[in-house]
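Containing mmCIF, C-alpha atoms: query38.cif.
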data_data
#
loop_
_atom_site.group_PDB
_atom_site.id
_atom_site.type_symbol
_atom_site.label_atom_id
_atom_site.label_comp_id
_atom_site.auth_asym_id
_atom_site.auth_seq_id
_atom_site.Cartn_x
_atom_site.Cartn_y
_atom_site.Cartn_z
ATOM 1 C CA MET K 10 0.536 -20.547 2.446
ATOM 2 C CA PRO K 11 -0.971 -19.596 -0.928
ATOM 3 C CA LEU K 12 -0.330 -16.193 -2.414
ATOM 4 C CA ARG K 13 -2.912 -13.528 -1.697
ATOM 5 C CA PHE K 14 -3.841 -10.813 -4.172
ATOM 6 C CA SER K 15 -4.764 -7.144 -3.936
ATOM 7 C CA LEU K 16 -6.401 -5.215 -6.766
ATOM 8 C CA GLU K 17 -5.234 -1.692 -7.445
ATOM 9 C CA LEU K 18 -8.391 0.400 -7.691
ATOM 10 C CA PRO K 19 -7.964 2.536 -10.840
ATOM 11 C CA THR K 20 -8.863 5.819 -9.150
ATOM 12 C CA HIS K 21 -5.751 7.303 -10.772
ATOM 13 C CA ARG K 22 -7.467 6.957 -14.191
ATOM 14 C CA THR K 23 -8.451 10.618 -14.348
ATOM 15 C CA GLU K 24 -8.636 10.531 -18.151
ATOM 16 C CA ARG K 25 -11.934 8.618 -17.647
ATOM 17 C CA PRO K 26 -13.289 9.926 -14.337
ATOM 18 C CA ASP K 27 -16.853 8.889 -15.194
ATOM 19 C CA GLU K 28 -15.653 5.305 -15.589
ATOM 20 C CA PHE K 29 -13.150 5.002 -12.747
ATOM 21 C CA VAL K 30 -13.262 7.907 -10.281
ATOM 22 C CA THR K 31 -16.764 7.792 -8.838
ATOM 23 C CA ALA K 32 -18.307 6.254 -5.747
ATOM 24 C CA ALA K 33 -20.175 3.783 -7.951
ATOM 25 C CA ALA K 34 -16.974 2.748 -9.724
ATOM 26 C CA VAL K 35 -15.088 2.144 -6.482
ATOM 27 C CA ALA K 36 -17.979 0.081 -5.113
ATOM 28 C CA GLU K 37 -18.504 -1.994 -8.264
ATOM 29 C CA LEU K 38 -14.791 -2.719 -8.755
ATOM 30 C CA THR K 39 -14.375 -3.631 -5.084
ATOM 31 C CA ARG K 40 -17.273 -6.095 -5.226
ATOM 32 C CA ALA K 41 -15.886 -7.580 -8.440
ATOM 33 C CA ALA K 42 -12.463 -8.013 -6.827
ATOM 34 C CA ALA K 43 -13.971 -9.813 -3.835
ATOM 35 C CA ALA K 44 -16.026 -12.089 -6.109
ATOM 36 C CA ALA K 45 -12.922 -12.941 -8.160
ATOM 37 C CA GLY K 46 -10.941 -13.997 -5.094
ATOM 38 C CA PHE K 47 -8.854 -10.906 -4.439
ATOM 39 C CA SER K 48 -8.180 -10.556 -0.716
ATOM 40 C CA ALA K 49 -7.756 -6.780 -0.752
ATOM 41 C CA VAL K 50 -8.047 -3.618 -2.783
ATOM 42 C CA ASN K 51 -5.403 -0.913 -2.699
ATOM 43 C CA VAL K 52 -4.793 2.737 -3.542
ATOM 44 C CA THR K 53 -1.805 5.055 -3.250
ATOM 45 C CA ASP K 54 -1.106 8.516 -1.819
ATOM 46 C CA HIS K 55 -0.180 11.611 -3.856
ATOM 47 C CA PRO K 56 -1.826 14.731 -2.409
ATOM 48 C CA ALA K 57 0.203 17.256 -4.447
ATOM 49 C CA PRO K 58 2.007 15.703 -7.452
ATOM 50 C CA ASP K 59 3.865 18.158 -9.683
ATOM 51 C CA THR K 60 3.230 18.540 -13.396
ATOM 52 C CA ARG K 61 6.744 17.499 -14.411
ATOM 53 C CA TRP K 62 6.278 14.145 -12.705
ATOM 54 C CA LEU K 63 2.766 13.791 -14.083
ATOM 55 C CA ASP K 64 4.031 14.491 -17.612
ATOM 56 C CA ASN K 65 6.667 11.765 -17.264
ATOM 57 C CA GLY K 66 4.582 8.813 -16.159
ATOM 58 C CA GLY K 67 3.236 10.009 -12.807
ATOM 59 C CA HIS K 68 -0.425 9.983 -11.857
ATOM 60 C CA HIS K 69 -3.062 11.649 -9.729
ATOM 61 C CA ALA K 70 -4.546 9.953 -6.665
ATOM 62 C CA LEU K 71 -7.550 10.337 -4.422
ATOM 63 C CA ASP K 72 -6.966 10.610 -0.705
ATOM 64 C CA PRO K 73 -6.360 6.965 0.266
ATOM 65 C CA PHE K 74 -8.489 7.002 3.405
ATOM 66 C CA VAL K 75 -11.488 8.527 1.635
ATOM 67 C CA ALA K 76 -11.220 6.140 -1.324
ATOM 68 C CA LEU K 77 -10.789 3.076 0.886
ATOM 69 C CA SER K 78 -13.736 4.059 3.078
ATOM 70 C CA PHE K 79 -15.982 3.725 0.012
ATOM 71 C CA ALA K 80 -14.393 0.352 -0.752
ATOM 72 C CA ALA K 81 -14.931 -0.780 2.839
ATOM 73 C CA ALA K 82 -18.639 0.004 2.586
ATOM 74 C CA ALA K 83 -18.965 -1.882 -0.712
ATOM 75 C CA ASP K 84 -17.892 -5.295 0.605
ATOM 76 C CA PRO K 85 -17.885 -6.428 4.246
ATOM 77 C CA GLY K 86 -15.011 -8.887 3.940
ATOM 78 C CA ILE K 87 -12.340 -7.424 1.685
ATOM 79 C CA TRP K 88 -9.148 -5.999 3.173
ATOM 80 C CA LEU K 89 -8.061 -2.416 2.514
ATOM 81 C CA LEU K 90 -4.430 -1.687 1.680
ATOM 82 C CA THR K 91 -2.660 1.647 1.401
ATOM 83 C CA ASN K 92 0.009 0.976 -1.192
ATOM 84 C CA ILE K 93 1.475 3.251 -0.196
ATOM 85 C CA TYR K 94 0.647 5.970 2.340
ATOM 86 C CA VAL K 95 3.301 8.619 3.145
ATOM 87 C CA PRO K 96 2.907 9.559 6.842
ATOM 88 C CA ALA K 97 5.436 12.401 6.546
ATOM 89 C CA TYR K 98 2.923 14.364 4.447
ATOM 90 C CA ARG K 99 0.719 14.875 7.519
ATOM 91 C CA ASN K 100 1.057 15.822 11.150
ATOM 92 C CA PRO K 101 1.468 12.467 12.958
ATOM 93 C CA PHE K 102 -1.648 12.961 15.080
ATOM 94 C CA LEU K 103 -3.733 13.849 12.039
ATOM 95 C CA GLY K 104 -2.363 10.767 10.253
ATOM 96 C CA ALA K 105 -3.060 8.564 13.263
ATOM 97 C CA LYS K 106 -6.636 9.856 13.417
ATOM 98 C CA LEU K 107 -7.165 8.958 9.741
ATOM 99 C CA VAL K 108 -5.850 5.446 10.382
ATOM 100 C CA GLN K 109 -7.921 5.004 13.543
ATOM 101 C CA SER K 110 -11.085 6.257 11.867
ATOM 102 C CA LEU K 111 -10.879 3.930 8.880
ATOM 103 C CA ASP K 112 -9.732 0.920 10.897
ATOM 104 C CA LEU K 113 -12.573 1.423 13.361
ATOM 105 C CA LEU K 114 -15.286 1.838 10.743
ATOM 106 C CA CYS K 115 -14.119 -1.081 8.585
ATOM 107 C CA GLY K 116 -13.918 -3.440 11.557
ATOM 108 C CA GLY K 117 -10.150 -3.933 11.547
ATOM 109 C CA ARG K 118 -9.667 -4.708 7.841
ATOM 110 C CA LEU K 119 -6.970 -2.112 7.201
ATOM 111 C CA ILE K 120 -3.397 -2.951 6.216
ATOM 112 C CA LEU K 121 -1.202 0.121 6.401
ATOM 113 C CA GLY K 122 1.434 0.157 3.699
ATOM 114 C CA VAL K 123 3.773 3.088 4.354
ATOM 115 C CA ALA K 124 6.951 4.562 2.947
ATOM 116 C CA ALA K 125 9.205 7.576 3.379
ATOM 117 C CA GLY K 126 8.270 9.003 -0.042
ATOM 118 C CA TYR K 127 10.454 10.053 -2.942
ATOM 119 C CA LEU K 128 8.760 12.917 -4.827
ATOM 120 C CA LYS K 129 10.742 15.964 -3.705
ATOM 121 C CA PRO K 130 8.453 18.628 -5.257
ATOM 122 C CA GLU K 131 5.476 17.082 -3.470
ATOM 123 C CA PHE K 132 7.228 17.514 -0.127
ATOM 124 C CA ALA K 133 7.976 21.141 -1.068
ATOM 125 C CA ALA K 134 4.339 21.800 -1.997
ATOM 126 C CA LEU K 135 3.228 20.467 1.381
ATOM 127 C CA GLY K 136 5.853 22.399 3.337
ATOM 128 C CA ILE K 137 7.636 19.245 4.541
ATOM 129 C CA ASP K 138 11.417 18.890 4.796
ATOM 130 C CA PHE K 139 12.317 16.208 2.250
ATOM 131 C CA GLU K 140 15.634 15.450 3.964
ATOM 132 C CA ARG K 141 13.825 14.517 7.190
ATOM 133 C CA ARG K 142 11.362 12.100 5.560
ATOM 134 C CA GLY K 143 12.797 8.976 7.226
ATOM 135 C CA GLU K 144 12.806 10.619 10.641
ATOM 136 C CA LEU K 145 9.242 11.828 10.140
ATOM 137 C CA LEU K 146 8.110 8.352 9.101
ATOM 138 C CA ASP K 147 9.608 6.835 12.256
ATOM 139 C CA GLU K 148 7.957 9.483 14.413
ATOM 140 C CA ALA K 149 4.565 8.966 12.745
ATOM 141 C CA LEU K 150 4.712 5.200 13.323
ATOM 142 C CA ALA K 151 5.708 5.677 16.962
ATOM 143 C CA VAL K 152 2.820 8.094 17.530
ATOM 144 C CA LEU K 153 0.435 5.699 15.766
ATOM 145 C CA ASP K 154 1.479 2.813 18.007
ATOM 146 C CA ALA K 155 1.026 4.899 21.134
ATOM 147 C CA MET K 156 -2.310 6.434 20.136
ATOM 148 C CA LEU K 157 -3.962 3.181 19.059
ATOM 149 C CA ALA K 158 -2.883 1.484 22.277
ATOM 150 C CA GLY K 159 -5.541 3.648 23.949
ATOM 151 C CA GLY K 160 -3.525 5.662 26.448
ATOM 152 C CA ASP K 161 -2.983 9.387 26.918
ATOM 153 C CA LEU K 162 0.050 10.646 25.046
ATOM 154 C CA ALA K 163 2.355 13.597 25.618
ATOM 155 C CA TRP K 164 4.725 14.215 22.720
ATOM 156 C CA GLU K 165 6.930 17.070 21.620
ATOM 157 C CA GLY K 166 7.933 17.216 17.981
ATOM 158 C CA PRO K 167 9.966 19.808 16.065
ATOM 159 C CA ASP K 168 6.814 21.730 15.090
ATOM 160 C CA PHE K 169 4.197 20.728 17.657
ATOM 161 C CA VAL K 170 3.597 19.948 21.321
ATOM 162 C CA ALA K 171 0.892 17.484 22.420
ATOM 163 C CA ARG K 172 -0.164 17.112 26.033
ATOM 164 C CA GLY K 173 -2.431 14.266 27.079
ATOM 165 C CA VAL K 174 -3.911 13.451 23.669
ATOM 166 C CA ALA K 175 -6.181 10.376 23.549
ATOM 167 C CA PHE K 176 -8.228 8.671 20.825
ATOM 168 C CA ARG K 177 -11.629 7.165 21.555
ATOM 169 C CA PRO K 178 -13.045 4.684 20.946
ATOM 170 C CA VAL K 179 -10.197 2.210 20.965
ATOM 171 C CA THR K 180 -10.053 0.140 17.764
ATOM 172 C CA PRO K 181 -11.471 -3.427 17.978
ATOM 173 C CA SER K 182 -8.032 -5.044 18.126
ATOM 174 C CA GLY K 183 -6.694 -2.588 20.696
ATOM 175 C CA ARG K 184 -3.622 -2.062 18.539
ATOM 176 C CA ARG K 185 -2.596 -0.539 15.255
ATOM 177 C CA PRO K 186 -3.273 -2.296 11.933
ATOM 178 C CA PRO K 187 -0.515 -4.388 10.350
ATOM 179 C CA VAL K 188 2.190 -2.097 8.979
ATOM 180 C CA TRP K 189 4.055 -2.977 5.790
ATOM 181 C CA VAL K 190 6.987 -0.684 5.081
ATOM 182 C CA GLY K 191 7.823 0.082 1.463
ATOM 183 C CA GLY K 192 11.130 0.962 -0.140
ATOM 184 C CA ASN K 193 14.225 -0.841 -1.380
ATOM 185 C CA SER K 194 16.985 0.945 0.514
ATOM 186 C CA ARG K 195 18.785 -0.769 3.363
ATOM 187 C CA ALA K 196 17.244 1.787 5.742
ATOM 188 C CA ALA K 197 13.741 0.954 4.489
ATOM 189 C CA ILE K 198 14.394 -2.777 4.771
ATOM 190 C CA ARG K 199 15.669 -2.479 8.340
ATOM 191 C CA ARG K 200 12.631 -0.365 9.212
ATOM 192 C CA ALA K 201 10.310 -2.951 7.662
ATOM 193 C CA ALA K 202 11.926 -5.699 9.746
ATOM 194 C CA ARG K 203 10.603 -3.997 12.894
ATOM 195 C CA PHE K 204 6.997 -4.175 11.701
ATOM 196 C CA ASP K 205 4.671 -6.677 10.015
ATOM 197 C CA GLY K 206 5.770 -6.750 6.400
ATOM 198 C CA TRP K 207 7.864 -5.317 3.601
ATOM 199 C CA ALA K 208 6.596 -3.869 0.317
ATOM 200 C CA PRO K 209 9.568 -3.732 -2.076
ATOM 201 C CA PHE K 210 9.266 -1.582 -5.163
ATOM 202 C CA HIS K 211 9.611 -3.142 -8.616
ATOM 203 C CA THR K 212 11.853 -0.429 -10.065
ATOM 204 C CA GLY K 213 11.544 -1.554 -13.700
ATOM 205 C CA GLY K 214 14.384 0.719 -14.823
ATOM 206 C CA PHE K 215 13.201 3.677 -12.726
ATOM 207 C CA ALA K 216 15.397 3.198 -9.660
ATOM 208 C CA ARG K 217 17.141 6.533 -10.116
ATOM 209 C CA ALA K 218 13.933 8.476 -10.691
ATOM 210 C CA THR K 219 12.339 6.990 -7.577
ATOM 211 C CA ARG K 220 15.475 7.378 -5.459
ATOM 212 C CA THR K 221 15.650 3.758 -4.409
ATOM 213 C CA ALA K 222 17.805 0.691 -4.885
ATOM 214 C CA ALA K 223 17.064 -1.353 -7.985
ATOM 215 C CA ILE K 224 15.116 -4.594 -7.758
ATOM 216 C CA GLU K 225 14.694 -5.799 -11.345
ATOM 217 C CA THR K 226 14.665 -9.616 -11.197
ATOM 218 C CA VAL K 227 13.258 -12.394 -9.049
ATOM 219 C CA GLU K 228 16.830 -13.146 -8.010
ATOM 220 C CA ASP K 229 17.268 -9.541 -6.811
ATOM 221 C CA LEU K 230 14.022 -9.841 -4.903
ATOM 222 C CA ALA K 231 14.899 -13.189 -3.319
ATOM 223 C CA GLU K 232 18.218 -11.816 -2.098
ATOM 224 C CA ALA K 233 16.521 -8.762 -0.603
ATOM 225 C CA ILE K 234 13.884 -10.929 1.103
ATOM 226 C CA ARG K 235 16.620 -13.021 2.682
ATOM 227 C CA PHE K 236 18.189 -9.827 3.974
ATOM 228 C CA VAL K 237 14.983 -8.421 5.485
ATOM 229 C CA ARG K 238 14.272 -11.723 7.206
ATOM 230 C CA SER K 239 17.810 -11.767 8.597
ATOM 231 C CA CYS K 240 17.085 -8.373 10.188
ATOM 232 C CA ARG K 241 14.034 -9.674 12.051
ATOM 233 C CA SER K 242 14.480 -9.991 15.805
ATOM 234 C CA ASP K 243 11.557 -12.457 15.976
ATOM 235 C CA ALA K 244 11.642 -14.952 13.145
ATOM 236 C CA TRP K 245 8.522 -16.788 14.383
ATOM 237 C CA THR K 246 5.912 -14.055 14.045
ATOM 238 C CA PRO K 247 4.092 -13.622 10.716
ATOM 239 C CA PHE K 248 5.828 -11.331 8.247
ATOM 240 C CA ASP K 249 4.434 -10.519 4.805
ATOM 241 C CA ILE K 250 6.193 -9.606 1.576
ATOM 242 C CA CYS K 251 3.967 -7.573 -0.752
ATOM 243 C CA TRP K 252 5.192 -7.271 -4.348
ATOM 244 C CA SER K 253 3.568 -5.236 -7.115
ATOM 245 C CA GLU K 254 3.145 -6.829 -10.563
ATOM 246 C CA PRO K 255 1.683 -4.076 -12.744
ATOM 247 C CA SER K 256 1.638 -6.099 -15.981
ATOM 248 C CA LEU K 257 0.501 -9.462 -14.616
ATOM 249 C CA ALA K 258 -3.072 -9.050 -15.896
ATOM 250 C CA ALA K 259 -2.063 -7.666 -19.307
ATOM 251 C CA PRO K 260 -3.688 -9.574 -22.213
ATOM 252 C CA ALA K 261 -0.276 -10.204 -23.812
ATOM 253 C CA ILE K 262 0.787 -12.322 -20.816
ATOM 254 C CA SER K 263 -0.382 -15.905 -21.189
ATOM 255 C CA ILE K 264 -1.954 -17.860 -18.354
ATOM 256 C CA ASP K 265 1.057 -20.169 -18.206
ATOM 257 C CA GLU K 266 3.417 -17.199 -18.039
ATOM 258 C CA ARG K 267 1.399 -15.691 -15.214
ATOM 259 C CA ARG K 268 1.387 -18.915 -13.242
ATOM 260 C CA ALA K 269 5.125 -19.414 -13.777
ATOM 261 C CA ARG K 270 5.817 -15.861 -12.638
ATOM 262 C CA LEU K 271 3.716 -16.266 -9.525
ATOM 263 C CA SER K 272 5.361 -19.589 -8.726
ATOM 264 C CA ALA K 273 8.769 -17.918 -8.929
ATOM 265 C CA LEU K 274 7.640 -15.052 -6.708
ATOM 266 C CA ALA K 275 6.209 -17.430 -4.109
ATOM 267 C CA GLY K 276 9.470 -19.372 -4.202
ATOM 268 C CA ALA K 277 11.360 -16.158 -3.499
ATOM 269 C CA GLY K 278 9.224 -15.554 -0.405
ATOM 270 C CA VAL K 279 6.441 -13.251 -1.646
ATOM 271 C CA THR K 280 3.134 -13.639 0.242
ATOM 272 C CA TRP K 281 1.006 -10.897 -1.369
ATOM 273 C CA VAL K 282 0.874 -9.590 -4.951
ATOM 274 C CA THR K 283 -0.766 -6.324 -5.986
ATOM 275 C CA VAL K 284 -2.240 -6.384 -9.477
ATOM 276 C CA THR K 285 -3.132 -3.599 -11.898
ATOM 277 C CA VAL K 286 -5.905 -4.546 -14.329
ATOM 278 C CA PRO K 287 -5.954 -2.795 -17.724
ATOM 279 C CA GLY K 288 -9.015 -1.751 -19.688
ATOM 280 C CA ASP K 289 -10.373 1.172 -21.679
ATOM 281 C CA ASP K 290 -13.552 1.361 -19.648
ATOM 282 C CA ARG K 291 -15.049 -0.094 -16.490
ATOM 283 C CA ALA K 292 -16.805 -2.947 -18.267
ATOM 284 C CA GLU K 293 -13.526 -4.141 -19.765
ATOM 285 C CA VAL K 294 -11.749 -3.885 -16.401
ATOM 286 C CA LEU K 295 -14.562 -5.816 -14.712
ATOM 287 C CA GLY K 296 -14.279 -8.580 -17.307
ATOM 288 C CA THR K 297 -10.520 -8.810 -16.836
ATOM 289 C CA ILE K 298 -10.895 -8.953 -13.048
ATOM 290 C CA ALA K 299 -13.313 -11.877 -13.361
ATOM 291 C CA ALA K 300 -11.041 -13.667 -15.859
ATOM 292 C CA PHE K 301 -7.999 -13.179 -13.632
ATOM 293 C CA GLY K 302 -9.898 -14.734 -10.762
ATOM 294 C CA ARG K 303 -10.910 -17.782 -12.827
ATOM 295 C CA GLU K 304 -7.616 -18.304 -14.606
ATOM 296 C CA VAL K 305 -5.050 -17.306 -11.989
ATOM 297 C CA ILE K 306 -6.297 -16.803 -8.425
ATOM 298 C CA SER K 307 -8.396 -19.972 -8.319
ATOM 299 C CA SER K 308 -5.404 -22.092 -9.324
ATOM 300 C CA THR K 309 -2.734 -20.388 -7.202
#
Taking this structure as input, can you express it in the form of structure tokens?
Amino acid sequence: MPLRFSLELPTHRTERPDEFVTAAAVAELTRAAAAAGFSAVNVTDHPAPDTRWLDNGGHHALDPFVALSFAAAADPGIWLLTNIYVPAYRNPFLGAKLVQSLDLLCGGRLILGVAAGYLKPEFAALGIDFERRGELLDEALAVLDAMLAGGDLAWEGPDFVARGVAFRPVTPSGRRPPVWVGGNSRAAIRRAARFDGWAPFHTGGFARATRTAAIETVEDLAEAIRFVRSCRSDAWTPFDICWSEPSLAAPAISIDERRARLSALAGAGVTWVTVTVPGDDRAEVLGTIAAFGREVISST
């Protein structure tokens, strides 16, 4: 199958909020992505980033479910990807309600990219035990599965007790959206193998800072993809590999280089690529989106 592409909506560009962090910007960029051949748009999740991280390459983020709801309304066919959402930041029932609400209103176009999280001060700001992040992620996904199946759920967690909770209406598919689990650790990979896809993190020299195993080359990635597929109990069901290429649309990268890179990624087993498009203002970003569609997506 051909590679599919997701555009990172630049809602983290808070240095130019008038250009990138408005309802009009989200709508216009989403429509441009759809016209260029992108299959999805994506945003990330950082409700309480600390200044030290922000001063060393981190970024702000809108709430992913709010931002993606505006994208959903802008184009009726484009998929919506959380890349990534950290369920541990929220009570699992609150998180499940956010997922159900967006998936219901967008007609089942949500892909839920999740991860355990790595920003320790953000966990502290939210009052969440950083050391339990993997456990909390597993609990959130189990609650999500149960709630979106449509039944009544009783559940006792370490900080809450739920008796007979039900969500209505049931989502169109009668099940949760596809779940892609992010992270490079063996624990993250084994968790991903139980769901619908894996979203490895291109560490780019920042493996230590992001508390994850390094994946720096296509060879590293191919080896990790072989491992995650070996962990799958059902090798016949669809399973996606979503890889982020933040510099793929940079002007310094030639068309031939882009195509060669994408060919190598597809050969390694990648099925989706998320792309960050540079530009000083919205007009420049829109032009680069259109050019990427003509020069890369249409020939991939």
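On the file presented, the PyMOL selection byres ((chain K and resi 20) around 6) picks out Leu18, Pro19, His21, Arg22, Phe29 and Val30 of chain K.
Every protein, DNA or RNA residue with an atom at most 10 Å from stretch 156-160 of chain K, where only C-alpha atoms count and chain neighbours fewer than 6 positions away do not, is listed here: Phe102, Ala105, Lys106, Val108, Gln109, Leu150, Gly173, Val174, Ala175, Phe176, Arg177, Pro178, Val179, Thr180, Ser182, Gly183, Arg184, Arg185 and Pro186 of chain K.
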Find the spatial neighbours of stretch 53-67 of chain K, counting all atoms listed in the file, within a cut-off of 8 Å - ignore same-chain residues fewer than 2 positions away - and output them as a ChimeraX atom specification. /K:51,69-73,91-95,128,130-131,134-135
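Selection check: the PyMOL selection byres ((chain K and resi 227-243) around 9) on the shown file gives Asn193, Arg195, Ile198, Arg199, Ala201, Ala202, Arg203, Phe204, Trp207, Pro209, His211, Ala223, Ile224, Glu225, Thr226, Ala244, Trp245, Thr246, Phe248, Ile250, Arg270, Ala273, Leu274, Gly276, Ala277, Gly278 and Val279 of chain K.
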Residues in the PyMOL selection byres ((chain K and resi 78) around 10), expressed as an MDAnalysis selection string: chainID K and resid 35 73:77 79:83 89 110:112 114:115
Could you give me, as a PyMOL selection string, the residues that sit within 8 Å of (-0.1, -9.3, -12.7) in the file's coordinates, counting only C-alpha atoms? chain K and resi 253-259+267+282-286
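Relative to atom CA of K:Pro247, atom CA of K:Asp205 is found at 7.0 Å.
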Output as JSON the centre and edge lengths (Å, one decimal) of the box along x, y and z of the file that holds every listed atom of stretch 298-302 of chain K after adding 8 Å on each side.
{"center_x": -10.7, "center_y": -11.8, "center_z": -13.3, "size_x": 21.3, "size_y": 21.8, "size_z": 21.1}
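Taking atom CA of K:Ala149 and atom CA of K:Glu17 as the two end points, the separation is 24.8 Å.
Taking only C-alpha atoms into account, K:Phe14 lies nearest to K:Cys251 out of the set K:Glu37, K:Ala300, K:Cys251, K:Leu119.
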Hey, what's within 12 Å of K:Arg303 if we count only C-alpha atoms and toss same-chain stuff fewer than 2 positions away? As a PyMOL selection string, please? chain K and resi 42+44-47+264+296-301+305-309
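In this model, the gap between atom CA of K:Gly288 and atom CA of K:Gly86 comes to 25.4 Å.
Residues in contact with K:Asp138 at 10 Å, where all atoms listed in the file are counted and same-chain residues fewer than 5 positions away are skipped, are listed as Ala97, Tyr98, Lys129, Phe132, Ala133 and Leu145 of chain K.
Closest approach to K:Asp249 among K:Pro96, K:Ala196, K:Ala292, K:Val188: K:Val188, based on all atoms listed in the file.
Nearest to K:Glu144 of all the residues K:Pro26, K:Pro287, K:Gly126, K:Gly116 is K:Gly126, based on all atoms listed in the file.
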